[in-house]
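> Dropping the structure in here first, questions after.
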Amino acid sequence: MTKLSVLGSTGSIGRNTLEVVRQFPERFQVVGLAAGCNVDLLKEQIDRFRPAVAAVRDEAAADMLARFFGGSNYRPEIVWGSEGYRQVAALDAADTVVSAIVGAAGLEPTLAAVEAGKRLALANKEALVAAGRLVTERAKARGVDIIPVDSEHSAIFQSLQGNPRNALKRILLTASGGPFLRATPEELARVTPEAALKHPNWSMGRKITVDSASLMNKGLEVIEACWLFDVSPDRIAVHVHPESIVHSMVEYVDGSVIAQLGVPDMKIPIAYALTWPDRLPVEAPVLDLFELRRLTFFPPDMERFPCLRLAYEACREGGTAPAVLNAADEVAVHAFLEHRLAFMDIPRLIESLLDRHQGGAATTLEAVLDADRWAREEALKLAAAWCR
Ligand SMILES: NC(=O)C1=CN([C@@H]2O[C@H](COP(=O)(O)OP(=O)(O)OC[C@H]3O[C@@H](n4cnc5c(N)ncnc54)[C@H](OP(=O)(O)O)[C@@H]3O)[C@@H](O)[C@H]2O)C=CC1
Ligand SMILES: CC(=O)[C@@H](O)[C@H](O)COP(=O)(O)O
Ligand SMILES: [Mn+2]
């Protein structure tokens, strides 16, 4: 029986994780849940999965959640804020933590899970983007396995199984291209949040969906792959693959390319991350290649989608540059979703901050958090100045 703490349980990954748990009650027990502000959904999850501890964002949300349990016999311990998230991430009763809070807000809970020696099923790519060195070095020191949940990284991880790492030549990271794959620069300048939120293949949270549309998601995934698989960005080639069936590939020194394929359904990589090296008979649609008939691949256009270029540049620069890239993106995406910035202001804002930031080593949490804070403050100022 795997005992799980799920961070970000009310989000898209969190809900898919709990769906996997629902399908295999004999394999999993939920001992901790952490959400942001969605206390209604969290209450439903608590009723169903009966965790010992539940965390929410602040005291007001904790009070609201506690009120739901007024007359009932059972209620979990309710905790809140950064200390509460740390508690759920490091619960004695948990052996595995699913890290699925969105954004850099997931970094400290992820580190807490690593420090507590929990097996980490990692969806929160921003933790690796902002603090990849810290997270991977601490995991190594604690003997913690980081199992990727992100579909591409799960595919790479699966394609590497049984093959010695030193024979790896390149990672071929697939990208759907998002909803604006064929948009002209003039069209890109005018796209709306509503259009950006219509991902062609995946149903996901709002922030990652906009990142997919700008190709920043792919940029974040390049950085994530560098840390997870210990490769330089020059050995990661993004392949646009609009069908989202080949979830990524690895090329070996002998020219062999090994891929993982499947329907775009996150329950598959989530279940694998929870049970690796075993596989579960997950209830998900079946891949029918006869129906698909054709799988296509082409190179990304980094002129129309500068976010991908910026992520490669930040990755090559290293230090705190990726933390700045990530924080600036979070602020810009939020402003875009509120109709305060145009879509192409996202890369413009990020580039402006990367140009201005004073590089530094990202070897301590304080250095990463300082860079993140600086980038957020400056990004907010720019977003206010550019507000449409
Ligand atoms: N969705 C997907 O298919 C994939 C997602 N990922 C990654 O997984 C992570 C989660 O993505 P996704 O599930 O789509 O995101 P969602 O927006 O759907 O969910 C985000 C979760 O994080 C919680 N949350 C948001 N802000 C905070 C905060 N400041 N402190 C604590 N909790 C917070 C939300 O709580 P609440 O709603 O209660 O406020 C919610 O539970 C991201 O890093 C994403 O890049 C990676 C691959 C695929
Ligand atoms: C499901 C998942 O892993 C997402 O990160 C997905 O890959 C987004 O797709 P694109 O960024 O390729 O559009
Ligand atoms: Mn992905």
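Following the order of the structure tokens, chains are lettered A, B, ..., residues in each are numbered from 1, and ligands are numbered from 1.
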Using only C-alpha atoms and all ligand atoms, find each protein or nucleic acid residue lying at most 8 Å from ligand 1; present the set as a VMD selection string.
chain A and resid 7 to 15 34 to 39 41 to 42 56 to 57 81 85 99 to 103 105 to 106 122 to 127 149 to 151 202 to 209 217 265 to 266
> Write out the residues from the selection above, keeping C-alpha atoms, as a tab-separated table (two decimals), in the first residue's frame.

chain	number	residue	atom	x	y	z
A	7	LEU	CA	0.08	18.77	-2.89
A	8	GLY	CA	-2.25	20.70	-5.20
A	9	SER	CA	-5.04	18.13	-4.82
A	10	THR	CA	-7.74	20.47	-6.18
A	11	GLY	CA	-5.91	21.14	-9.45
A	12	SER	CA	-5.88	19.22	-12.69
A	13	ILE	CA	-2.97	16.94	-11.70
A	14	GLY	CA	-4.29	16.59	-8.16
A	15	ARG	CA	-7.74	15.51	-9.38
A	34	ALA	CA	-2.98	20.27	0.27
A	35	ALA	CA	-5.01	22.77	-1.75
A	36	GLY	CA	-4.96	26.52	-2.28
A	37	CYS	CA	-8.34	28.21	-1.79
A	38	ASN	CA	-10.84	25.75	-3.25
A	39	VAL	CA	-12.20	24.56	0.09
A	41	LEU	CA	-13.63	20.69	-3.56
A	42	LEU	CA	-11.10	19.96	-0.82
A	56	VAL	CA	-4.99	25.30	2.72
A	57	ARG	CA	-3.50	28.65	1.77
A	81	GLY	CA	0.20	28.53	4.91
A	85	TYR	CA	2.21	22.83	3.29
A	99	SER	CA	4.04	17.66	-5.96
A	100	ALA	CA	1.40	19.43	-8.06
A	101	ILE	CA	1.03	22.96	-6.74
A	102	VAL	CA	1.35	25.31	-9.70
A	103	GLY	CA	4.25	27.73	-9.97
A	105	ALA	CA	4.76	28.35	-4.80
A	106	GLY	CA	5.43	24.62	-5.07
A	122	LEU	CA	7.02	15.57	-9.48
A	123	ALA	CA	4.57	17.55	-11.62
A	124	ASN	CA	5.59	21.00	-10.36
A	125	LYS	CA	8.14	21.75	-13.09
A	126	GLU	CA	8.64	25.31	-11.83
A	127	ALA	CA	10.47	23.93	-8.76
A	149	VAL	CA	4.87	13.17	-13.77
A	150	ASP	CA	5.14	15.66	-16.64
A	151	SER	CA	4.12	13.61	-19.69
A	202	TRP	CA	-4.78	18.35	-23.13
A	203	SER	CA	-7.11	19.50	-20.38
A	204	MET	CA	-4.93	21.28	-17.80
A	205	GLY	CA	-4.78	24.22	-15.40
A	206	ARG	CA	-4.88	27.77	-16.77
A	207	LYS	CA	-1.25	28.73	-16.27
A	208	ILE	CA	0.28	25.70	-17.98
A	209	THR	CA	-2.29	25.99	-20.78
A	217	ASN	CA	5.82	25.32	-21.34
A	265	ASP	CA	-4.29	11.41	-20.61
A	266	MET	CA	-2.34	12.38	-17.48
> Please find the residues contacting ligand 2 at a distance of at most 10 Å between atoms, with only C-alpha atoms and all ligand atoms counted, and report them as a short mmCIF file (atom, residue, chain, number, x, y, z; two decimals) with C-alpha atoms, in the first residue's frame.

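pocket13.cif written:
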data_model
loop_
_atom_site.label_atom_id
_atom_site.label_comp_id
_atom_site.auth_asym_id
_atom_site.auth_seq_id
_atom_site.Cartn_x
_atom_site.Cartn_y
_atom_site.Cartn_z
CA ILE A 13 -2.97 16.94 -11.70
CA ALA A 123 4.57 17.55 -11.62
CA LYS A 125 8.14 21.75 -13.09
CA PRO A 148 8.61 12.70 -13.32
CA VAL A 149 4.87 13.17 -13.77
CA ASP A 150 5.14 15.66 -16.64
CA SER A 151 4.12 13.61 -19.69
CA GLU A 152 7.27 14.30 -21.75
CA HIS A 153 9.61 13.60 -18.86
CA SER A 154 7.71 10.46 -17.98
CA ALA A 155 8.18 9.39 -21.61
CA LEU A 173 11.25 16.59 -26.59
CA THR A 174 7.86 16.74 -28.28
CA ALA A 175 5.58 19.81 -28.24
CA SER A 176 2.00 20.04 -29.43
CA GLY A 177 2.64 23.58 -30.68
CA GLY A 178 -0.47 24.76 -28.82
CA PRO A 179 -3.57 26.43 -30.25
CA LEU A 181 0.76 26.72 -34.00
CA HIS A 199 -5.38 23.55 -25.77
CA PRO A 200 -5.80 21.24 -28.77
CA ASN A 201 -5.10 17.99 -26.89
CA TRP A 202 -4.78 18.35 -23.13
CA SER A 203 -7.11 19.50 -20.38
CA MET A 204 -4.93 21.28 -17.80
CA GLY A 205 -4.78 24.22 -15.40
CA ILE A 208 0.28 25.70 -17.98
CA THR A 209 -2.29 25.99 -20.78
CA VAL A 210 -1.19 29.55 -21.57
CA ASP A 211 2.44 28.41 -21.31
CA SER A 212 1.69 25.73 -23.89
CA ALA A 213 0.25 28.38 -26.21
CA SER A 214 3.38 30.58 -25.94
CA LEU A 215 5.75 27.55 -26.03
CA MET A 216 7.05 28.66 -22.62
CA ASN A 217 5.82 25.32 -21.34
CA LYS A 218 8.28 23.67 -23.71
CA GLY A 219 11.01 26.04 -22.57
CA LEU A 220 10.32 25.17 -18.92
CA GLU A 221 10.36 21.52 -19.92
CA VAL A 238 12.25 20.21 -29.41
CA HIS A 239 10.11 18.46 -32.03
CA VAL A 240 6.70 19.96 -32.72
CA HIS A 241 4.26 17.06 -32.90
CA PRO A 242 0.68 18.36 -33.05
CA GLU A 243 -0.96 14.99 -32.35
CA SER A 244 0.54 14.69 -28.80
CA HIS A 247 5.23 12.00 -25.59
CA SER A 248 9.00 12.28 -26.19
CA PRO A 264 -2.97 12.36 -24.04
CA ASP A 265 -4.29 11.41 -20.61
CA MET A 266 -2.34 12.38 -17.48
CA LYS A 267 -3.61 9.39 -15.52
CA PRO A 269 2.13 9.14 -16.39
#
> Can you pull out every residue from stretch 160-258 of chain A that DSSP, working from the backbone, puts in alpha helix (DSSP H), and format the result as JSON, numbers by chain?
{"A": [160, 185, 186, 187, 188, 189, 190, 193, 194, 195, 196, 206, 207, 208, 209, 210, 211, 212, 213, 214, 216, 217, 218, 219, 220, 221, 222, 223, 224, 225, 226, 227, 228, 229]}
> For the structure I just gave you, how does DSSP split stretch 59-285 of chain A - specifically, which residues are strand (DSSP E)? Reply as JSON, numbers by chain.
{"A": [77, 78, 79, 80, 96, 97, 98, 99, 119, 120, 121, 122, 146, 147, 148, 168, 169, 170, 171, 172, 173, 174, 175, 236, 237, 238, 239, 240, 246, 247, 248, 249, 250, 251, 252, 257, 258, 259, 260, 261]}
> With C-alpha atoms retained, export the selected residues as a CSV table (one decimal), in the first residue's frame.

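Saved as out37.csv:
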chain,number,residue,atom,x,y,z
A,77,GLU,CA,-6.1,18.1,11.3
A,78,ILE,CA,-6.4,21.4,9.4
A,79,VAL,CA,-3.2,23.4,8.8
A,80,TRP,CA,-2.4,26.4,6.6
A,96,THR,CA,5.2,9.3,-1.5
A,97,VAL,CA,4.5,12.9,-2.2
A,98,VAL,CA,2.8,14.1,-5.4
A,99,SER,CA,4.0,17.7,-6.0
A,119,ARG,CA,9.6,9.5,-2.8
A,120,LEU,CA,8.7,12.4,-5.1
A,121,ALA,CA,6.2,12.2,-8.0
A,122,LEU,CA,7.0,15.6,-9.5
A,146,ILE,CA,12.3,11.9,-8.2
A,147,ILE,CA,9.9,10.3,-10.6
A,148,PRO,CA,8.6,12.7,-13.3
A,168,LEU,CA,22.3,8.7,-24.5
A,169,LYS,CA,23.0,11.1,-27.3
A,170,ARG,CA,20.0,13.4,-27.4
A,171,ILE,CA,16.5,13.9,-26.0
A,172,LEU,CA,13.8,14.6,-28.6
A,173,LEU,CA,11.2,16.6,-26.6
A,174,THR,CA,7.9,16.7,-28.3
A,175,ALA,CA,5.6,19.8,-28.2
A,236,ILE,CA,17.6,18.6,-26.1
A,237,ALA,CA,15.9,19.1,-29.5
A,238,VAL,CA,12.2,20.2,-29.4
A,239,HIS,CA,10.1,18.5,-32.0
A,240,VAL,CA,6.7,20.0,-32.7
A,246,VAL,CA,4.6,10.5,-29.0
A,247,HIS,CA,5.2,12.0,-25.6
A,248,SER,CA,9.0,12.3,-26.2
A,249,MET,CA,11.9,10.2,-27.4
A,250,VAL,CA,15.6,9.5,-26.6
A,251,GLU,CA,18.2,9.0,-29.2
A,252,TYR,CA,21.1,6.7,-28.3
A,257,VAL,CA,15.5,6.2,-31.0
A,258,ILE,CA,13.1,4.9,-28.3
A,259,ALA,CA,9.8,6.6,-27.7
A,260,GLN,CA,6.8,6.3,-25.4
A,261,LEU,CA,3.4,6.7,-27.0
> Would you mind listing what lies within 8 Å of A:Val30 as a ChimeraX atom specification, with only C-alpha atoms counted and same-chain residues fewer than 6 positions away left out?
/A:3-6,49-51
> Kindly indicate which residue among A:Pro306, A:Tyr74, A:Phe69, A:Gly32 lies nearest to A:Ala55, using only C-alpha atoms for the distances.
A:Gly32
